[in-house]
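The next block holds one structure in the form of structure tokens; read it before the comments.
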Amino acid sequence: MTPAYWQQACAELAATCPVMAELVARYPASVLRTRGEPFETLLRAIVGQQISIAAADAIWARLAALLDTTRPAAVAAVAPDALRACGFSQRKVEYAQDLAQHFLDGRILPAQFDALDDEAIIRELVAVRGIGRWTAEMYLIFNLCRPDVWPVDDIGLQKALVQIHGLDARPALAVFRQMGERYRPWRSVATWYLWRMLDPVEVQY
């Protein structure tokens, strides 16, 4: 499902930013699509931490062949050795199974997230081992389709901003945060197109 606001956001970003106008025109069919499964979205984000897209996709394919990736109980019950055979590091095995346990015992209740703002959801999610702010922000973008997330820790976003601003070196995070102000209230959409600058292949968590 693509967010209902997508076309409006693209039009408004294109009208106010020449870089966005060029990217929206270059990738007219590129849109965010939510998978709609909260557990699977977070699990996929854990799998993708600190590795390439190709490596993450290969691990995910092996995991999906092993078990139902939408079911926390399946991940909680599987033998750690089986996850390691899929390509999980020992730490990611622990993260995945801790995430599953949070869903099973009700410490994460996605049905309640609609009533919470972005920061409140981030606080809930970072209580899980292996979920930091970046992973929580990927959840906000790819599962909840929140329109104004600016994942300033994302290396791809940083590289794109350095490129469009013609910088010789990567500045402080505070500078990256300030760069995002021009894209409000559609920073999630701006992020999507800035990612396309570096890689036209869409990532879907």
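Residue numbering restarts at 1 for every chain of the structure tokens, chains are lettered A, B, ... in their displayed order, and ligands are numbered from 1 as they appear.
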ask   = Excluding same-chain residues fewer than 3 positions from Pro171 in chain A, what lies within 12 Å of it counting only C-alpha atoms, as number ranges by chain?
value = A: 152-153, 158-159, 161-163, 165-168, 174-179
Output file for the residues above (N, CA and C atoms, as an mmCIF file, in the first residue's frame):
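Final output, saved to result26.cif:
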data_model
loop_
_atom_site.group_PDB
_atom_site.id
_atom_site.type_symbol
_atom_site.label_atom_id
_atom_site.label_comp_id
_atom_site.auth_asym_id
_atom_site.auth_seq_id
_atom_site.Cartn_x
_atom_site.Cartn_y
_atom_site.Cartn_z
ATOM 1 N N VAL A 152 18.384 10.931 10.356
ATOM 2 C CA VAL A 152 19.630 11.647 10.139
ATOM 3 C C VAL A 152 20.863 10.763 10.328
ATOM 4 N N ASP A 153 20.719 9.640 11.035
ATOM 5 C CA ASP A 153 21.850 8.722 11.217
ATOM 6 C C ASP A 153 22.075 7.819 10.001
ATOM 7 N N GLN A 158 22.933 10.733 4.511
ATOM 8 C CA GLN A 158 24.054 11.651 4.712
ATOM 9 C C GLN A 158 24.867 11.826 3.430
ATOM 10 N N LYS A 159 25.155 10.719 2.744
ATOM 11 C CA LYS A 159 25.943 10.800 1.513
ATOM 12 C C LYS A 159 25.228 11.639 0.453
ATOM 13 N N LEU A 161 23.055 14.053 0.966
ATOM 14 C CA LEU A 161 23.062 15.457 1.371
ATOM 15 C C LEU A 161 24.435 16.092 1.143
ATOM 16 N N VAL A 162 25.490 15.352 1.437
ATOM 17 C CA VAL A 162 26.836 15.851 1.155
ATOM 18 C C VAL A 162 26.980 16.143 -0.341
ATOM 19 N N GLN A 163 26.430 15.257 -1.153
ATOM 20 C CA GLN A 163 26.547 15.406 -2.603
ATOM 21 C C GLN A 163 25.785 16.618 -3.107
ATOM 22 N N HIS A 165 24.822 19.251 -1.555
ATOM 23 C CA HIS A 165 25.318 20.515 -1.009
ATOM 24 C C HIS A 165 26.779 20.780 -1.397
ATOM 25 N N GLY A 166 27.382 19.860 -2.152
ATOM 26 C CA GLY A 166 28.735 20.060 -2.634
ATOM 27 C C GLY A 166 29.779 20.174 -1.539
ATOM 28 N N LEU A 167 29.617 19.390 -0.483
ATOM 29 C CA LEU A 167 30.533 19.460 0.655
ATOM 30 C C LEU A 167 31.742 18.559 0.430
ATOM 31 N N ASP A 168 32.865 18.957 0.985
ATOM 32 C CA ASP A 168 34.084 18.158 0.872
ATOM 33 C C ASP A 168 34.163 17.076 1.945
ATOM 34 N N ALA A 174 24.118 17.727 13.653
ATOM 35 C CA ALA A 174 23.263 18.913 13.805
ATOM 36 C C ALA A 174 23.081 19.623 12.473
ATOM 37 N N VAL A 175 24.117 19.605 11.637
ATOM 38 C CA VAL A 175 24.021 20.231 10.321
ATOM 39 C C VAL A 175 23.072 19.433 9.428
ATOM 40 N N PHE A 176 23.177 18.110 9.480
ATOM 41 C CA PHE A 176 22.258 17.276 8.708
ATOM 42 C C PHE A 176 20.806 17.499 9.152
ATOM 43 N N ARG A 177 20.615 17.641 10.456
ATOM 44 C CA ARG A 177 19.251 17.898 10.948
ATOM 45 C C ARG A 177 18.718 19.209 10.378
ATOM 46 N N GLN A 178 19.557 20.237 10.375
ATOM 47 C CA GLN A 178 19.130 21.532 9.856
ATOM 48 C C GLN A 178 18.819 21.452 8.361
ATOM 49 N N MET A 179 19.573 20.638 7.621
ATOM 50 C CA MET A 179 19.314 20.480 6.191
ATOM 51 C C MET A 179 17.921 19.926 5.920
#
Would you give me, as JSON lines, each residue of range 122-170 of chain A having an atom within 9 Å of an atom of range 28-37 of chain A, along with its shortest atom pair and that distance in Å to one decimal, using only C-alpha atoms and sorting by chain and residue number?
{"residue": "A:Ile141", "atom": "CA", "partner": "A:Thr34", "partner_atom": "CA", "distance": 8.4}
{"residue": "A:Phe142", "atom": "CA", "partner": "A:Thr34", "partner_atom": "CA", "distance": 5.3}
{"residue": "A:Asn143", "atom": "CA", "partner": "A:Thr34", "partner_atom": "CA", "distance": 5.2}
{"residue": "A:Leu144", "atom": "CA", "partner": "A:Thr34", "partner_atom": "CA", "distance": 7.6}
{"residue": "A:Cys145", "atom": "CA", "partner": "A:Thr34", "partner_atom": "CA", "distance": 7.1}
Please list as an mmCIF file with C-alpha atoms, in the first residue's frame every residue within 8 Å of Val24 in chain A, counting only C-alpha atoms and excluding residues in the same chain fewer than 2 positions away.
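Written file, selection35.cif:
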data_model
loop_
_atom_site.group_PDB
_atom_site.id
_atom_site.type_symbol
_atom_site.label_atom_id
_atom_site.label_comp_id
_atom_site.auth_asym_id
_atom_site.auth_seq_id
_atom_site.Cartn_x
_atom_site.Cartn_y
_atom_site.Cartn_z
ATOM 1 C CA CYS A 10 5.918 14.887 -4.321
ATOM 2 C CA ALA A 14 9.134 19.457 -6.377
ATOM 3 C CA MET A 20 13.471 17.097 -5.509
ATOM 4 C CA ALA A 21 11.833 18.191 -8.758
ATOM 5 C CA GLU A 22 14.556 16.458 -10.741
ATOM 6 C CA ARG A 26 13.540 10.869 -12.888
ATOM 7 C CA TYR A 27 11.767 8.196 -10.814
ATOM 8 C CA PRO A 28 8.041 8.671 -11.492
ATOM 9 C CA TYR A 193 14.152 10.349 -3.208
#
List every residue of range 105-139 of chain A that has an atom at most 12 Å from any atom of range 65-73 of chain A, and for each one report the closest atom pair and its distance in Å to one decimal, counting only C-alpha atoms, with rows sorted by chain and then by increasing residue number, as a Markdown table.
| residue | atom | partner | partner_atom | distance |
| --- | --- | --- | --- | --- |
| A:Asp105 | CA | A:Pro72 | CA | 10.3 |
| A:Gly106 | CA | A:Pro72 | CA | 11.3 |
| A:Ile108 | CA | A:Pro72 | CA | 11.4 |
Selection to disk with C-alpha atoms, as an mmCIF file, in the first residue's frame:
data_model
loop_
_atom_site.group_PDB
_atom_site.id
_atom_site.type_symbol
_atom_site.label_atom_id
_atom_site.label_comp_id
_atom_site.auth_asym_id
_atom_site.auth_seq_id
_atom_site.Cartn_x
_atom_site.Cartn_y
_atom_site.Cartn_z
ATOM 1 C CA ASP A 105 4.413 -11.046 25.767
ATOM 2 C CA GLY A 106 2.712 -7.785 24.783
ATOM 3 C CA ILE A 108 5.122 -4.193 21.872
#
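Coordinates place CA of Leu63 in chain A at a distance of 9.1 Å from CA of Ala85 in chain A.
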List the spatial neighbours of Ile53 in chain A as a PDB file with C-alpha atoms, in the first residue's frame - criterion: any atom at most 12 Å away, only C-alpha atoms, same-chain residues fewer than 6 positions off excluded.
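As written to disk, out.pdb reads:
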ATOM      1  CA  ARG A  44      13.797  -7.136   8.308  1.00  0.00           C
ATOM      2  CA  ALA A  45      15.347  -3.929   9.635  1.00  0.00           C
ATOM      3  CA  VAL A  47      18.569  -8.253   9.386  1.00  0.00           C
ATOM      4  CA  ILE A  59      19.819 -13.691   4.388  1.00  0.00           C
ATOM      5  CA  TRP A  60      16.143 -12.777   4.255  1.00  0.00           C
ATOM      6  CA  GLY A 156      22.815   6.859   2.580  1.00  0.00           C
ATOM      7  CA  ASP A 199      20.732   3.654  -5.562  1.00  0.00           C
ATOM      8  CA  VAL A 201      16.883  -0.015  -6.331  1.00  0.00           C
ATOM      9  CA  GLU A 202      14.125   0.426  -3.782  1.00  0.00           C
ATOM     10  CA  VAL A 203      14.528  -1.022  -0.313  1.00  0.00           C
ATOM     11  CA  GLN A 204      11.324  -2.204   1.345  1.00  0.00           C
ATOM     12  CA  TYR A 205      11.445  -3.109   5.013  1.00  0.00           C
TER      13      TYR A 205
END
inquiry  = I need the residues in range 90-157 of chain A that are alpha helix (DSSP H) according to DSSP; give them as JSON, numbers by chain.
reply    = {"A": [90, 91, 92, 93, 94, 95, 96, 97, 98, 99, 100, 101, 102, 103, 104, 118, 119, 120, 121, 122, 123, 124, 125, 133, 134, 135, 136, 137, 138, 139, 140, 141, 142, 155, 156, 157]}
Export N, CA, C and O atoms of the chosen residues as a tab-separated table (two decimals), in the first residue's frame?
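Output file selection_6.tsv follows:
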chain	number	residue	atom	x	y	z
A	90	GLN	N	25.71	-13.91	15.73
A	90	GLN	CA	25.20	-14.31	17.03
A	90	GLN	C	24.39	-13.18	17.67
A	90	GLN	O	23.35	-13.41	18.27
A	91	ARG	N	24.89	-11.97	17.52
A	91	ARG	CA	24.17	-10.83	18.11
A	91	ARG	C	22.81	-10.63	17.45
A	91	ARG	O	21.82	-10.37	18.14
A	92	LYS	N	22.73	-10.79	16.13
A	92	LYS	CA	21.43	-10.62	15.46
A	92	LYS	C	20.48	-11.76	15.79
A	92	LYS	O	19.26	-11.56	15.80
A	93	VAL	N	20.99	-12.94	16.07
A	93	VAL	CA	20.12	-14.02	16.57
A	93	VAL	C	19.45	-13.56	17.87
A	93	VAL	O	18.23	-13.70	18.05
A	94	GLU	N	20.25	-13.02	18.76
A	94	GLU	CA	19.71	-12.55	20.05
A	94	GLU	C	18.72	-11.42	19.85
A	94	GLU	O	17.65	-11.40	20.49
A	95	TYR	N	19.02	-10.51	18.96
A	95	TYR	CA	18.12	-9.39	18.70
A	95	TYR	C	16.78	-9.88	18.13
A	95	TYR	O	15.71	-9.44	18.56
A	96	ALA	N	16.85	-10.78	17.16
A	96	ALA	CA	15.63	-11.28	16.52
A	96	ALA	C	14.74	-12.00	17.51
A	96	ALA	O	13.51	-11.82	17.53
A	97	GLN	N	15.34	-12.81	18.36
A	97	GLN	CA	14.53	-13.58	19.29
A	97	GLN	C	14.02	-12.72	20.45
A	97	GLN	O	12.91	-12.95	20.96
A	98	ASP	N	14.77	-11.69	20.80
A	98	ASP	CA	14.26	-10.74	21.81
A	98	ASP	C	13.09	-9.94	21.24
A	98	ASP	O	12.09	-9.70	21.94
A	99	LEU	N	13.19	-9.54	19.98
A	99	LEU	CA	12.08	-8.85	19.33
A	99	LEU	C	10.84	-9.73	19.33
A	99	LEU	O	9.73	-9.27	19.67
A	100	ALA	N	11.00	-10.99	18.96
A	100	ALA	CA	9.87	-11.91	18.94
A	100	ALA	C	9.23	-12.02	20.31
A	100	ALA	O	7.99	-12.01	20.44
A	101	GLN	N	10.05	-12.07	21.35
A	101	GLN	CA	9.51	-12.21	22.70
A	101	GLN	C	8.75	-10.96	23.13
A	101	GLN	O	7.73	-11.04	23.82
A	102	HIS	N	9.22	-9.79	22.71
A	102	HIS	CA	8.50	-8.55	23.01
A	102	HIS	C	7.10	-8.56	22.40
A	102	HIS	O	6.14	-8.07	23.01
A	103	PHE	N	6.97	-9.11	21.20
A	103	PHE	CA	5.65	-9.20	20.58
A	103	PHE	C	4.79	-10.23	21.29
A	103	PHE	O	3.59	-10.01	21.53
A	104	LEU	N	5.39	-11.35	21.65
A	104	LEU	CA	4.62	-12.44	22.25
A	104	LEU	C	4.08	-12.09	23.63
A	104	LEU	O	2.97	-12.48	23.99
A	118	ASP	N	5.49	10.19	16.77
A	118	ASP	CA	6.70	9.49	16.32
A	118	ASP	C	7.67	9.24	17.46
A	118	ASP	O	8.22	8.13	17.60
A	119	GLU	N	7.93	10.24	18.28
A	119	GLU	CA	8.92	10.09	19.34
A	119	GLU	C	8.47	9.08	20.39
A	119	GLU	O	9.30	8.33	20.93
A	120	ALA	N	7.18	9.02	20.68
A	120	ALA	CA	6.68	8.04	21.65
A	120	ALA	C	6.87	6.61	21.12
A	120	ALA	O	7.24	5.70	21.88
A	121	ILE	N	6.65	6.42	19.85
A	121	ILE	CA	6.85	5.09	19.24
A	121	ILE	C	8.33	4.71	19.27
A	121	ILE	O	8.69	3.58	19.59
A	122	ILE	N	9.19	5.67	18.95
A	122	ILE	CA	10.63	5.40	19.00
A	122	ILE	C	11.04	4.97	20.40
A	122	ILE	O	11.80	4.01	20.57
A	123	ARG	N	10.53	5.64	21.43
A	123	ARG	CA	10.89	5.27	22.81
A	123	ARG	C	10.46	3.84	23.12
A	123	ARG	O	11.17	3.11	23.82
A	124	GLU	N	9.31	3.44	22.62
A	124	GLU	CA	8.84	2.06	22.87
A	124	GLU	C	9.74	1.05	22.16
A	124	GLU	O	10.10	0.02	22.72
A	125	LEU	N	10.12	1.34	20.95
A	125	LEU	CA	10.86	0.37	20.15
A	125	LEU	C	12.31	0.23	20.58
A	125	LEU	O	12.87	-0.88	20.54
A	133	ARG	N	17.59	4.00	17.27
A	133	ARG	CA	16.73	5.02	16.67
A	133	ARG	C	16.56	4.81	15.17
A	133	ARG	O	15.46	4.95	14.64
A	134	TRP	N	17.66	4.45	14.47
A	134	TRP	CA	17.56	4.25	13.02
A	134	TRP	C	16.54	3.16	12.68
A	134	TRP	O	15.68	3.35	11.80
A	135	THR	N	16.60	2.03	13.37
A	135	THR	CA	15.66	0.94	13.09
A	135	THR	C	14.23	1.38	13.38
A	135	THR	O	13.30	1.07	12.62
A	136	ALA	N	14.04	2.11	14.49
A	136	ALA	CA	12.71	2.60	14.82
A	136	ALA	C	12.21	3.57	13.75
A	136	ALA	O	11.02	3.55	13.38
A	137	GLU	N	13.09	4.39	13.22
A	137	GLU	CA	12.68	5.32	12.16
A	137	GLU	C	12.33	4.58	10.87
A	137	GLU	O	11.40	5.00	10.16
A	138	MET	N	13.04	3.49	10.57
A	138	MET	CA	12.67	2.69	9.41
A	138	MET	C	11.26	2.12	9.59
A	138	MET	O	10.47	2.04	8.64
A	139	TYR	N	10.93	1.75	10.81
A	139	TYR	CA	9.57	1.26	11.09
A	139	TYR	C	8.55	2.37	10.85
A	139	TYR	O	7.49	2.14	10.25
A	140	LEU	N	8.85	3.56	11.33
A	140	LEU	CA	7.92	4.68	11.14
A	140	LEU	C	7.68	4.95	9.66
A	140	LEU	O	6.55	5.22	9.24
A	141	ILE	N	8.74	4.86	8.86
A	141	ILE	CA	8.61	5.13	7.43
A	141	ILE	C	7.94	3.98	6.70
A	141	ILE	O	6.97	4.17	5.96
A	142	PHE	N	8.45	2.76	6.90
A	142	PHE	CA	8.07	1.65	6.04
A	142	PHE	C	6.84	0.88	6.52
A	142	PHE	O	6.19	0.21	5.72
A	155	ILE	N	23.36	6.47	6.73
A	155	ILE	CA	24.55	6.81	5.96
A	155	ILE	C	24.20	7.21	4.52
A	155	ILE	O	24.79	8.13	3.96
A	156	GLY	N	23.22	6.52	3.93
A	156	GLY	CA	22.82	6.86	2.58
A	156	GLY	C	22.26	8.27	2.49
A	156	GLY	O	22.59	9.03	1.56
A	157	LEU	N	21.42	8.64	3.44
A	157	LEU	CA	20.87	10.00	3.47
A	157	LEU	C	22.00	11.02	3.63
A	157	LEU	O	22.03	12.04	2.93
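You can rank A:Arg146, A:Thr16, A:Glu40, A:Leu198 by their closest distance to Leu116 in chain A using only C-alpha atoms, and at the top of that list sits A:Arg146.
Relative to CA of Ala111 in chain A, CA of Val78 in chain A is found at 25.6 Å.
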query = Just how far from CA of Leu173 in chain A is CA of Ala55 in chain A, in Å to one decimal?
reply = 27.3 Å
